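S.K.: The following block contains the structure, expressed as structure tokens.
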Amino acid sequence: MNPPSTAPAGTVERKTFCGICEAACGVIVTVQGDAVLKIRGDVDHPNSKGFLCPKGAAFGAVRDDPDRVLTPLQRQPDGRFVPVSWDTALDDIGARLRGIIQRHGREAIGVHLGNPNGWNYGAFIWLLGMAAALKTKHLYTASSVDINNYWVVGELLYGHNLVTPFPDIAHTQFLIVLGANPVVTHGSMMTAGRVKEQMAAITARGGRVVVIDPRRSETAAQFEWQPMRPDGDPWLLAGMLKTILDEGLADQDALRRQTRGADALPALLKDVNGDRVAAETGIAWADVQALARAFAKSPTAALYGRCGASLGPFSTLTNYLINVLNIVTGNLDRRGGMVFGQPMLDTEGFTRLFKVNGYDRWRTRVDGIPEVMGTSPLATLPREIRTPGKGQLRALLIASGNIATTSCASGEVGAALDELDLLISLDPYLTETSQHAHYILPPTLWLERDGMPIFSQMHAGMPYAQWTPASVAPRGEARDDWWIIDEICKRIGLVPSASKAAQWLGKLGIRLTPATAVDLFLRTGPAGDWFGLKAGISRKKLFQQTSGVALSAEPPVGVSRQRVHFKDGLIPLAQPLMATEMARLIARPSSDDDAESKRWPLRLISMRELRSQNSWLHNVPKLTTGDRRPHLRIHPDDARPLELEDGSEVSITSRWGEITVPALTSDEVMRGTVALPHSWGHRGGWRRAVAIGGGRYNDLTSNDATEIDIPSGNAVLNGLRVRVTRQANAPALAKAS
């Protein structure tokens, strides 16, 4: 139970969940009238059990931010934005979209889903529905920045993009964390309440946690840190897998029960050798072998990789090898290994019903990149805007996305947005992206709408259900995203749904709300109450249990035959696409032999911060105290020849751009690697964020079709070759006499 409330008289406390990151921690919101007084953790929440990070506790300042957009804004010819009524904005948007459709067809209209929509089920479903009704290939999501590789591997190995096993850290004896920082992120693609405590419990019970990363991250500092060169991920994994197969350490019984095509794996690895693995990873071959043996021989083990492993040029191959290593060692669908989620909503069934899931059913118009779950990668966006012809992108609706900062080649993206006939932004701020819009439409925030953590449910270590009403009334004229989308669709004669039944009902003037549609699917799903025919959950019941309801004590095991969506229930390990990627990896020039390493001697990686979440929350005073400029972490040995001291302004130059930031010498990064927080360098109308300044990381990146992860279209944001130079007027270290 929560401790007795000390809230002031005249206040009420309402329970919901934090809508900022994948942890979706349970919170209690203290409200007085329309004011949010306090946000704290909910100890009754089945997953987070009272934990709440500084970001969630400070979110009331986002709702009350004086820079927040609270009325529809229309851009004027001189670039200024002026308030207009909802009817004026929506009617003009509708008229302009109808004109574009008449001239160019529906396929000329695009939709982009930003990261926050993962915790905004109404917007998420209605945006997908709008794209489906338009029959457009211009559906873009934040997934192509850092997670498309997961969706591709899910389709290849398990027959559905959303089948993404995660580590059962509550029971494992050996956890390898590859390129992830759960102490800061609280677990991405792994919703584990109090994740730092759960990881510490592994070592307390005699197990091991090994963190492999070029940087001694906050997580690595708590456990065993194994430094590794950027982009070494697929080499490390291939070397580990080769060791396990060569030494007969594979779990043959698990391979027979769960897979087919395992005999293709030795051929996949035939050109992998210890010298190349050591050179590419910076880890001695003997140490790679020792790690592989320890992993294979552990009673239970789980290998988990996230953003650091998802932002390189071979991220799909990397994710495939992560899955194969877990499978080959018998650690898939096993208590203490990698397990399948038990979400309250059958997301696999839901997406299959509306034919959302899939891979490579068509290719993008300009670059010929495979679609992933019906989406095109953001890397293609500028060329889709600028390349004439049938299907050219001419209008775009962006919901909670700041792609002029967070996409690869962000500067080019911002310039391309100005060439659209119409840009509509649903955003609470005037950002680097929304400043290019013809209309900025103010959406409600997570405290101001009902919600369910639909994305987090798929990877919850404690399976639970939660659906909560709004905690407080919307400010100003903010409206729910789904309502805005629906009103736009009405004006162009669409129902935002892939369902033929929904389109038919729309012709009769009947338009379901997202809440009604999802509740119908929920109640007839595995956890549903079947309208009173059995014990189960519904929206109404969950509204009465706002802390959430545990569906079971732990994720299920022994269910791989049910969760693998192939007729035989077996995982096809032999993947021609991955053989092609492995051949491409082998053929790539060695890092040490590449002539470019002399011109670009350092490798740049991105890093997360505890008080930051992608490109937002940078306007919140409590989260931006002190010197919040993004500082480049550089090893003392690399800083010394440049005569750098802490605070020195440096230029970071890549083949594609140059930015200036202050430097910070630190041995937390390995020699030859530099690290920089991403998503800073703000412009627009959020004054505090703009005043902080800082270089924009993604200006150093490329969106060329050859500079992304080819199978998934995933951006390449880590391991960038760069040169660092001290600014002429920057302070230098005093030279020794």
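Letters A, B, ... mark the chains of the structure tokens in the order given; residue numbers begin at 1 per chain; ligand numbers begin at 1, in order shown.
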I'd like the contact shell of segment 203-208 of chain A - 9 Å cut-off, only C-alpha atoms, skipping same-chain residues fewer than 4 positions apart - returned as a PyMOL selection string.
M.R.: chain A and resi 172-176+199+223-224+298
S.K.: Write out as a ChimeraX atom specification which residues come within 12 Å of Phe566 of chain A when counting only C-alpha atoms, dropping same-chain ones fewer than 2 positions away.
M.R.: /A:154-160,258-260,560-564,568-572
S.K.: For N, CA, C and O atoms, I'd like the residues from the last selection saved as a tab-separated table (two decimals), in the first residue's frame.
M.R.:
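Result saved to out13.tsv:
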```tsv
chain	number	residue	atom	x	y	z
A	154	GLY	N	12.56	-10.20	-35.93
A	154	GLY	CA	11.34	-10.85	-35.44
A	154	GLY	C	10.58	-11.53	-36.57
A	154	GLY	O	10.08	-12.65	-36.41
A	155	GLU	N	10.49	-10.86	-37.72
A	155	GLU	CA	9.79	-11.45	-38.86
A	155	GLU	C	10.56	-12.63	-39.43
A	155	GLU	O	9.97	-13.67	-39.77
A	156	LEU	N	11.88	-12.52	-39.54
A	156	LEU	CA	12.68	-13.59	-40.14
A	156	LEU	C	12.71	-14.84	-39.28
A	156	LEU	O	12.56	-15.96	-39.79
A	157	LEU	N	12.92	-14.68	-37.98
A	157	LEU	CA	13.11	-15.84	-37.10
A	157	LEU	C	11.82	-16.37	-36.50
A	157	LEU	O	11.70	-17.59	-36.27
A	158	TYR	N	10.87	-15.49	-36.22
A	158	TYR	CA	9.68	-15.92	-35.49
A	158	TYR	C	8.38	-15.74	-36.27
A	158	TYR	O	7.31	-16.10	-35.78
A	159	GLY	N	8.48	-15.16	-37.47
A	159	GLY	CA	7.30	-15.04	-38.31
A	159	GLY	C	6.41	-13.86	-38.00
A	159	GLY	O	5.33	-13.73	-38.57
A	160	HIS	N	6.86	-12.98	-37.10
A	160	HIS	CA	6.09	-11.78	-36.78
A	160	HIS	C	7.04	-10.74	-36.21
A	160	HIS	O	7.82	-11.03	-35.30
A	258	GLN	N	13.37	-26.62	-31.13
A	258	GLN	CA	12.91	-25.27	-31.43
A	258	GLN	C	13.24	-24.76	-32.82
A	258	GLN	O	12.65	-23.77	-33.26
A	259	THR	N	14.17	-25.39	-33.53
A	259	THR	CA	14.68	-24.78	-34.75
A	259	THR	C	14.73	-25.74	-35.93
A	259	THR	O	14.58	-26.96	-35.79
A	260	ARG	N	14.99	-25.15	-37.08
A	260	ARG	CA	15.41	-25.88	-38.28
A	260	ARG	C	16.50	-25.05	-38.95
A	260	ARG	O	16.57	-23.84	-38.79
A	560	SER	N	7.22	-21.52	-27.05
A	560	SER	CA	7.82	-21.11	-28.32
A	560	SER	C	7.02	-21.61	-29.51
A	560	SER	O	6.90	-20.92	-30.52
A	561	ARG	N	6.44	-22.81	-29.43
A	561	ARG	CA	5.66	-23.33	-30.55
A	561	ARG	C	4.43	-22.47	-30.82
A	561	ARG	O	3.97	-22.37	-31.95
A	562	GLN	N	3.90	-21.84	-29.77
A	562	GLN	CA	2.74	-20.96	-29.95
A	562	GLN	C	3.15	-19.57	-30.41
A	562	GLN	O	2.40	-18.90	-31.13
A	563	ARG	N	4.34	-19.12	-30.03
A	563	ARG	CA	4.75	-17.75	-30.34
A	563	ARG	C	5.53	-17.64	-31.64
A	563	ARG	O	5.76	-16.53	-32.13
A	564	VAL	N	5.96	-18.75	-32.20
A	564	VAL	CA	6.62	-18.74	-33.50
A	564	VAL	C	5.53	-18.90	-34.56
A	564	VAL	O	4.82	-19.91	-34.58
A	568	ASP	N	5.12	-24.89	-38.78
A	568	ASP	CA	5.72	-25.97	-38.00
A	568	ASP	C	6.15	-25.51	-36.61
A	568	ASP	O	6.63	-26.32	-35.81
A	569	GLY	N	6.01	-24.22	-36.31
A	569	GLY	CA	6.39	-23.71	-34.99
A	569	GLY	C	7.87	-23.70	-34.73
A	569	GLY	O	8.31	-23.53	-33.59
A	570	LEU	N	8.69	-23.85	-35.79
A	570	LEU	CA	10.14	-23.91	-35.63
A	570	LEU	C	10.79	-22.63	-36.15
A	570	LEU	O	10.30	-21.99	-37.08
A	571	ILE	N	11.92	-22.29	-35.55
A	571	ILE	CA	12.66	-21.08	-35.90
A	571	ILE	C	13.62	-21.40	-37.04
A	571	ILE	O	14.50	-22.25	-36.89
A	572	PRO	N	13.50	-20.72	-38.18
A	572	PRO	CA	14.41	-20.99	-39.31
A	572	PRO	C	15.73	-20.25	-39.15
A	572	PRO	O	15.83	-19.07	-39.47
```
S.K.: List the spatial neighbours of Ala595 of chain A as number ranges by chain - criterion: any atom at most 12 Å away, only C-alpha atoms, same-chain residues fewer than 6 positions off excluded.
M.R.: A: 589, 601, 721
S.K.: Generate a file of the selected residues that holds N, CA, C and O atoms, formatted as a short mmCIF file (atom, residue, chain, number, x, y, z; two decimals), in the first residue's frame.
M.R.:
```
data_model
loop_
_atom_site.label_atom_id
_atom_site.label_comp_id
_atom_site.auth_asym_id
_atom_site.auth_seq_id
_atom_site.Cartn_x
_atom_site.Cartn_y
_atom_site.Cartn_z
N PRO A 589 36.70 -3.43 -45.31
CA PRO A 589 38.10 -3.25 -44.90
C PRO A 589 38.24 -3.26 -43.38
O PRO A 589 37.38 -2.75 -42.66
N PRO A 601 40.60 9.73 -37.09
CA PRO A 601 41.22 8.80 -36.14
C PRO A 601 40.34 8.36 -34.98
O PRO A 601 40.70 7.41 -34.27
N ARG A 721 33.19 7.84 -37.93
CA ARG A 721 34.59 8.27 -38.00
C ARG A 721 34.64 9.80 -37.93
O ARG A 721 34.00 10.48 -38.74
#
```
S.K.: Let's see if you can do this: from backbone DSSP, list all strand (DSSP E) residues in segment 252-417 of chain A, as a PyMOL selection string.
M.R.: chain A and resi 259-260+302-305+338-339+359-363+370-372+395-399
S.K.: Distance table requested - segment 301-409 of chain A against segment 541-551 of chain A, cut-off 12 Å, only C-alpha atoms: one row per qualifying residue with the closest atom pair and its distance in Å to one decimal, ordered by chain and rising residue number, as a Markdown table.
M.R.:
```
| residue | atom | partner | partner_atom | distance |
| --- | --- | --- | --- | --- |
| A:Gly341 | CA | A:Leu551 | CA | 11.2 |
| A:Gln342 | CA | A:Leu551 | CA | 8.1 |
| A:Pro343 | CA | A:Leu551 | CA | 8.7 |
| A:Met344 | CA | A:Leu551 | CA | 7.8 |
| A:Leu345 | CA | A:Leu551 | CA | 11.4 |
```
S.K.: Which neighbours of Pro234 of chain A fall inside 7 Å, counting only C-alpha atoms, when residues of the same chain fewer than 3 positions from it are skipped, and could you give them as a ChimeraX atom specification?
M.R.: /A:237-238,317-318
S.K.: Nearest to Arg63 of chain A among A:Ser471, A:Gln503, A:Ser188, A:Gln252, with distances taken over only C-alpha atoms: which residue is it?
M.R.: A:Ser471
S.K.: Between A:Val716, A:Val722, A:Ile692, A:Ala395, which one has atoms that come closest to Asn149 of chain A, using only C-alpha atoms?
M.R.: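 Smallest separation from Asn149 of chain A among the options: A:Val716.
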S.K.: Can you measure atom CA of His436 of chain A to atom CA of Glu412 of chain A for me? One decimal in Å is fine.
M.R.: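 It comes out at 12.6 Å.
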